[in-house]
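Quick look at start_13.cif (mmCIF, C-alpha atoms):
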```
data_structure
#
loop_
_atom_site.group_PDB
_atom_site.id
_atom_site.type_symbol
_atom_site.label_atom_id
_atom_site.label_comp_id
_atom_site.auth_asym_id
_atom_site.auth_seq_id
_atom_site.Cartn_x
_atom_site.Cartn_y
_atom_site.Cartn_z
ATOM 1 C CA MET A 1 9.853 -7.140 1.216
ATOM 2 C CA PHE A 2 8.861 -7.640 4.842
ATOM 3 C CA GLY A 3 11.007 -5.548 7.105
ATOM 4 C CA TRP A 4 12.559 -3.389 4.408
ATOM 5 C CA GLY A 5 12.947 0.160 5.552
ATOM 6 C CA PRO A 6 11.613 2.619 2.996
ATOM 7 C CA ALA A 7 14.116 4.681 1.047
ATOM 8 C CA ASP A 8 11.723 7.604 1.535
ATOM 9 C CA HIS A 9 8.193 8.146 2.842
ATOM 10 C CA ASN A 10 5.527 10.786 3.468
ATOM 11 C CA VAL A 11 3.605 10.974 6.722
ATOM 12 C CA GLN A 12 1.978 14.418 6.799
ATOM 13 C CA PHE A 13 -1.049 13.947 9.038
ATOM 14 C CA LEU A 14 -0.508 14.037 12.792
ATOM 15 C CA GLY A 15 -0.868 10.483 14.071
ATOM 16 C CA SER A 16 -0.382 8.823 10.664
ATOM 17 C CA ARG A 17 1.794 5.779 10.500
ATOM 18 C CA ILE A 18 3.360 3.460 7.956
ATOM 19 C CA ASP A 19 4.415 0.098 9.371
ATOM 20 C CA TRP A 20 5.229 -3.509 8.540
ATOM 21 C CA GLU A 21 2.754 -5.641 10.495
ATOM 22 C CA GLY A 22 0.120 -8.320 10.207
ATOM 23 C CA ALA A 23 -3.259 -7.305 8.794
ATOM 24 C CA THR A 24 -6.565 -8.916 7.846
ATOM 25 C CA VAL A 25 -8.233 -7.857 4.582
ATOM 26 C CA ASN A 26 -11.590 -9.266 3.503
ATOM 27 C CA ALA A 27 -11.238 -12.039 6.148
ATOM 28 C CA THR A 28 -7.812 -13.118 4.812
ATOM 29 C CA ASP A 29 -4.733 -12.790 7.030
ATOM 30 C CA TYR A 30 -1.598 -11.191 5.589
ATOM 31 C CA PRO A 31 1.135 -11.530 8.232
ATOM 32 C CA ASP A 32 3.776 -9.460 6.388
ATOM 33 C CA SER A 33 1.924 -6.350 5.282
ATOM 34 C CA LEU A 34 2.779 -2.742 4.647
ATOM 35 C CA VAL A 35 0.015 -0.830 6.470
ATOM 36 C CA PHE A 36 -0.827 2.851 6.099
ATOM 37 C CA ALA A 37 -3.056 3.897 8.995
ATOM 38 C CA ASP A 38 -4.746 6.899 10.564
ATOM 39 C CA GLY A 39 -4.121 9.470 7.871
ATOM 40 C CA VAL A 40 -5.270 7.910 4.599
ATOM 41 C CA CYS A 41 -7.666 10.709 3.727
ATOM 42 C CA GLY A 42 -8.421 13.567 1.380
ATOM 43 C CA THR A 43 -5.335 15.262 0.014
ATOM 44 C CA ASN A 44 -3.272 13.492 2.673
ATOM 45 C CA ASP A 45 -1.585 11.084 0.262
ATOM 46 C CA LEU A 46 0.557 8.596 2.217
ATOM 47 C CA TRP A 47 3.405 6.866 0.417
ATOM 48 C CA ALA A 48 6.553 4.850 0.907
ATOM 49 C CA GLU A 49 9.330 4.226 -1.619
ATOM 50 C CA PHE A 50 11.693 1.276 -1.847
ATOM 51 C CA ASP A 51 14.863 0.714 -3.886
ATOM 52 C CA LEU A 52 14.573 -2.268 -6.230
ATOM 53 C CA SER A 53 18.000 -1.696 -7.836
ATOM 54 C CA ARG A 54 16.692 -2.984 -11.197
ATOM 55 C CA GLU A 55 17.072 -6.545 -9.833
ATOM 56 C CA TRP A 56 13.460 -7.804 -9.966
ATOM 57 C CA SER A 57 11.001 -8.745 -12.705
ATOM 58 C CA ALA A 58 7.601 -8.812 -10.953
ATOM 59 C CA LEU A 59 5.797 -7.728 -7.803
ATOM 60 C CA GLU A 60 2.753 -9.515 -6.392
ATOM 61 C CA VAL A 61 0.717 -7.827 -3.655
ATOM 62 C CA ALA A 62 -2.824 -7.946 -2.283
ATOM 63 C CA ILE A 63 -4.538 -4.613 -1.653
ATOM 64 C CA GLY A 64 -7.549 -3.644 0.401
ATOM 65 C CA LEU A 65 -8.768 -2.036 3.583
ATOM 66 C CA GLY A 66 -7.979 -3.692 6.887
ATOM 67 C CA ASP A 67 -11.064 -5.381 8.347
ATOM 68 C CA GLU A 68 -10.887 -2.996 11.325
ATOM 69 C CA SER A 69 -11.427 -0.003 8.999
ATOM 70 C CA GLN A 70 -14.535 2.154 9.056
ATOM 71 C CA SER A 71 -17.214 0.956 6.619
ATOM 72 C CA GLY A 72 -18.539 3.068 3.769
ATOM 73 C CA GLU A 73 -15.140 4.441 2.719
ATOM 74 C CA THR A 74 -12.993 3.762 -0.367
ATOM 75 C CA VAL A 75 -9.228 4.107 -0.732
ATOM 76 C CA SER A 76 -7.244 4.469 -3.971
ATOM 77 C CA PHE A 77 -4.031 2.463 -4.209
ATOM 78 C CA GLU A 78 -1.280 3.335 -6.680
ATOM 79 C CA ILE A 79 2.083 1.806 -7.500
ATOM 80 C CA ILE A 80 4.604 4.002 -9.285
ATOM 81 C CA GLY A 81 7.953 2.845 -10.648
ATOM 82 C CA ASP A 82 10.522 5.484 -11.597
ATOM 83 C CA ASP A 83 7.779 8.150 -11.881
ATOM 84 C CA GLU A 84 5.566 5.977 -14.137
ATOM 85 C CA ARG A 85 2.207 4.598 -12.949
ATOM 86 C CA LEU A 86 2.407 0.799 -12.927
ATOM 87 C CA ALA A 87 -0.966 0.089 -11.288
ATOM 88 C CA ARG A 88 -3.970 1.880 -9.817
ATOM 89 C CA SER A 89 -6.995 0.364 -8.104
ATOM 90 C CA SER A 90 -9.570 1.208 -5.444
ATOM 91 C CA ALA A 91 -11.039 -0.842 -2.611
ATOM 92 C CA ALA A 92 -13.713 -0.502 0.043
ATOM 93 C CA LEU A 93 -14.170 -2.522 3.219
ATOM 94 C CA GLY A 94 -14.728 -6.184 2.319
ATOM 95 C CA GLU A 95 -13.008 -5.888 -1.068
ATOM 96 C CA SER A 96 -9.539 -7.050 -2.014
ATOM 97 C CA GLU A 97 -7.514 -7.544 -5.163
ATOM 98 C CA THR A 98 -4.212 -9.228 -5.942
ATOM 99 C CA LEU A 99 -1.995 -7.240 -8.282
ATOM 100 C CA VAL A 100 0.851 -8.739 -10.310
ATOM 101 C CA ILE A 101 3.003 -5.963 -11.732
ATOM 102 C CA ASP A 102 5.946 -5.909 -14.115
ATOM 103 C CA VAL A 103 8.832 -4.174 -12.322
ATOM 104 C CA GLU A 104 11.610 -5.180 -14.696
ATOM 105 C CA ASP A 105 14.293 -2.482 -14.874
ATOM 106 C CA VAL A 106 12.612 -0.395 -12.106
ATOM 107 C CA LEU A 107 15.059 1.388 -9.820
ATOM 108 C CA ARG A 108 12.614 2.740 -7.217
ATOM 109 C CA ILE A 109 9.011 1.791 -6.500
ATOM 110 C CA ARG A 110 6.412 3.864 -4.635
ATOM 111 C CA PHE A 111 3.339 2.533 -2.823
ATOM 112 C CA SER A 112 0.774 5.314 -2.467
ATOM 113 C CA ALA A 113 -2.707 5.474 -0.926
ATOM 114 C CA ASP A 114 -5.268 8.203 -0.559
ATOM 115 C CA GLY A 115 -8.812 8.068 0.616
ATOM 116 C CA PRO A 116 -11.947 9.768 1.852
ATOM 117 C CA SER A 117 -12.281 13.184 3.453
ATOM 118 C CA SER A 118 -12.725 11.466 6.826
ATOM 119 C CA CYS A 119 -9.461 10.435 8.494
ATOM 120 C CA GLN A 120 -11.165 8.082 10.948
ATOM 121 C CA ASP A 121 -10.127 4.449 11.354
ATOM 122 C CA ILE A 122 -8.861 3.613 7.857
ATOM 123 C CA GLN A 123 -6.104 1.071 7.178
ATOM 124 C CA ALA A 124 -4.793 0.840 3.606
ATOM 125 C CA VAL A 125 -3.109 -2.566 3.417
ATOM 126 C CA TRP A 126 -0.505 -3.831 0.958
ATOM 127 C CA GLY A 127 -0.764 -7.513 1.889
ATOM 128 C CA ASP A 128 2.309 -9.756 1.802
ATOM 129 C CA PRO A 129 4.209 -8.114 -1.091
ATOM 130 C CA VAL A 130 6.534 -10.532 -2.909
ATOM 131 C CA LEU A 131 9.219 -9.713 -5.470
ATOM 132 C CA TYR A 132 10.217 -12.201 -8.170
ATOM 133 C CA ARG A 133 13.455 -12.313 -10.164
#
```

As structure tokens - that is how I would like this structure written.
Amino acid sequence: MFGWGPADHNVQFLGSRIDWEGATVNATDYPDSLVFADGVCGTNDLWAEFDLSREWSALEVAIGLGDESQSGETVSFEIIGDDERLARSSAALGESETLVIDVEDVLRIRFSADGPSSCQDIQAVWGDPVLYR
């Protein structure tokens, strides 16, 4: 998925960004990551959607906070396919999880993250997402 431009996205908070770049989560490097930064807070849900065209069977992705994030904060990660929740998990600094999700027959997938009331120095990282046929 590296380099795919999102079909749609939401960047409401001034200074927020959604980018493909390298990131380190829990001391593990993910060179091809989708990173939501500087706006993952409160009701400021950041998201990006991608067209899957019903061509894939599974998605594997690591989630967590970038190691440069402020400590003591937790972010909720959610993956939605065609308006149905496929996965939801939370992570704090120093925590990571690898999700393997069934995306068979999914037209459009949404990566969403929301976090603490503080908007300071938080990176929600979707590490090296891979689609399987």

Listed atoms of region 53-65 of chain A, axis-aligned box, 3 Å per side: centre and edge lengths to one decimal in Å, as lines of an AutoDock Vina configuration file?
```
center_x = 4.6
center_y = -5.6
center_z = -4.6
size_x = 32.8
size_y = 13.8
size_z = 22.3
```

**OP:** Pull out every residue that the PyMOL selection byres ((chain A and resi 26) around 9) matches in the shown coordinates and put them as number ranges by chain.
**Re:** A: 24-25, 27-29, 64-67, 93-96

**OP:** Please provide as a ChimeraX atom specification all residues within 10 Å of region 127-130 of chain A, with the sequence filter that same-chain residues fewer than 3 positions apart are discarded (counting only C-alpha atoms).
**Re:** /A:1-2,20-25,28-35,58-66,96-100,124

For C-alpha atoms, I'd like the residues from the last selection saved as a short mmCIF file (atom, residue, chain, number, x, y, z; two decimals), in the coordinates of the input.
```cif
data_model
loop_
_atom_site.label_atom_id
_atom_site.label_comp_id
_atom_site.auth_asym_id
_atom_site.auth_seq_id
_atom_site.Cartn_x
_atom_site.Cartn_y
_atom_site.Cartn_z
CA MET A 1 9.85 -7.14 1.22
CA PHE A 2 8.86 -7.64 4.84
CA TRP A 20 5.23 -3.51 8.54
CA GLU A 21 2.75 -5.64 10.50
CA GLY A 22 0.12 -8.32 10.21
CA ALA A 23 -3.26 -7.30 8.79
CA THR A 24 -6.56 -8.92 7.85
CA VAL A 25 -8.23 -7.86 4.58
CA THR A 28 -7.81 -13.12 4.81
CA ASP A 29 -4.73 -12.79 7.03
CA TYR A 30 -1.60 -11.19 5.59
CA PRO A 31 1.14 -11.53 8.23
CA ASP A 32 3.78 -9.46 6.39
CA SER A 33 1.92 -6.35 5.28
CA LEU A 34 2.78 -2.74 4.65
CA VAL A 35 0.02 -0.83 6.47
CA ALA A 58 7.60 -8.81 -10.95
CA LEU A 59 5.80 -7.73 -7.80
CA GLU A 60 2.75 -9.52 -6.39
CA VAL A 61 0.72 -7.83 -3.66
CA ALA A 62 -2.82 -7.95 -2.28
CA ILE A 63 -4.54 -4.61 -1.65
CA GLY A 64 -7.55 -3.64 0.40
CA LEU A 65 -8.77 -2.04 3.58
CA GLY A 66 -7.98 -3.69 6.89
CA SER A 96 -9.54 -7.05 -2.01
CA GLU A 97 -7.51 -7.54 -5.16
CA THR A 98 -4.21 -9.23 -5.94
CA LEU A 99 -2.00 -7.24 -8.28
CA VAL A 100 0.85 -8.74 -10.31
CA ALA A 124 -4.79 0.84 3.61
#
```

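Distances here use only C-alpha atoms; by that measure, the residue among A:Ile101, A:Leu131, A:Leu86, A:Asp19 closest to Trp47 (chain A) is A:Asp19.
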
Original post:
Hey, what comes out of the PyMOL selection byres ((chain A and resi 69) around 6) on this file? Could you write it as a PyMOL selection string?
Top reply: chain A and resi 66-68+70+121-123

Subject >> Best match for closeness to Ile80 (chain A) among A:Leu52, A:Arg110, A:Asp105, A:Ser57, counting all atoms listed in the file >> reply: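 Of A:Leu52, A:Arg110, A:Asp105, A:Ser57, the one nearest Ile80 (chain A) is A:Arg110, counting all atoms listed in the file.
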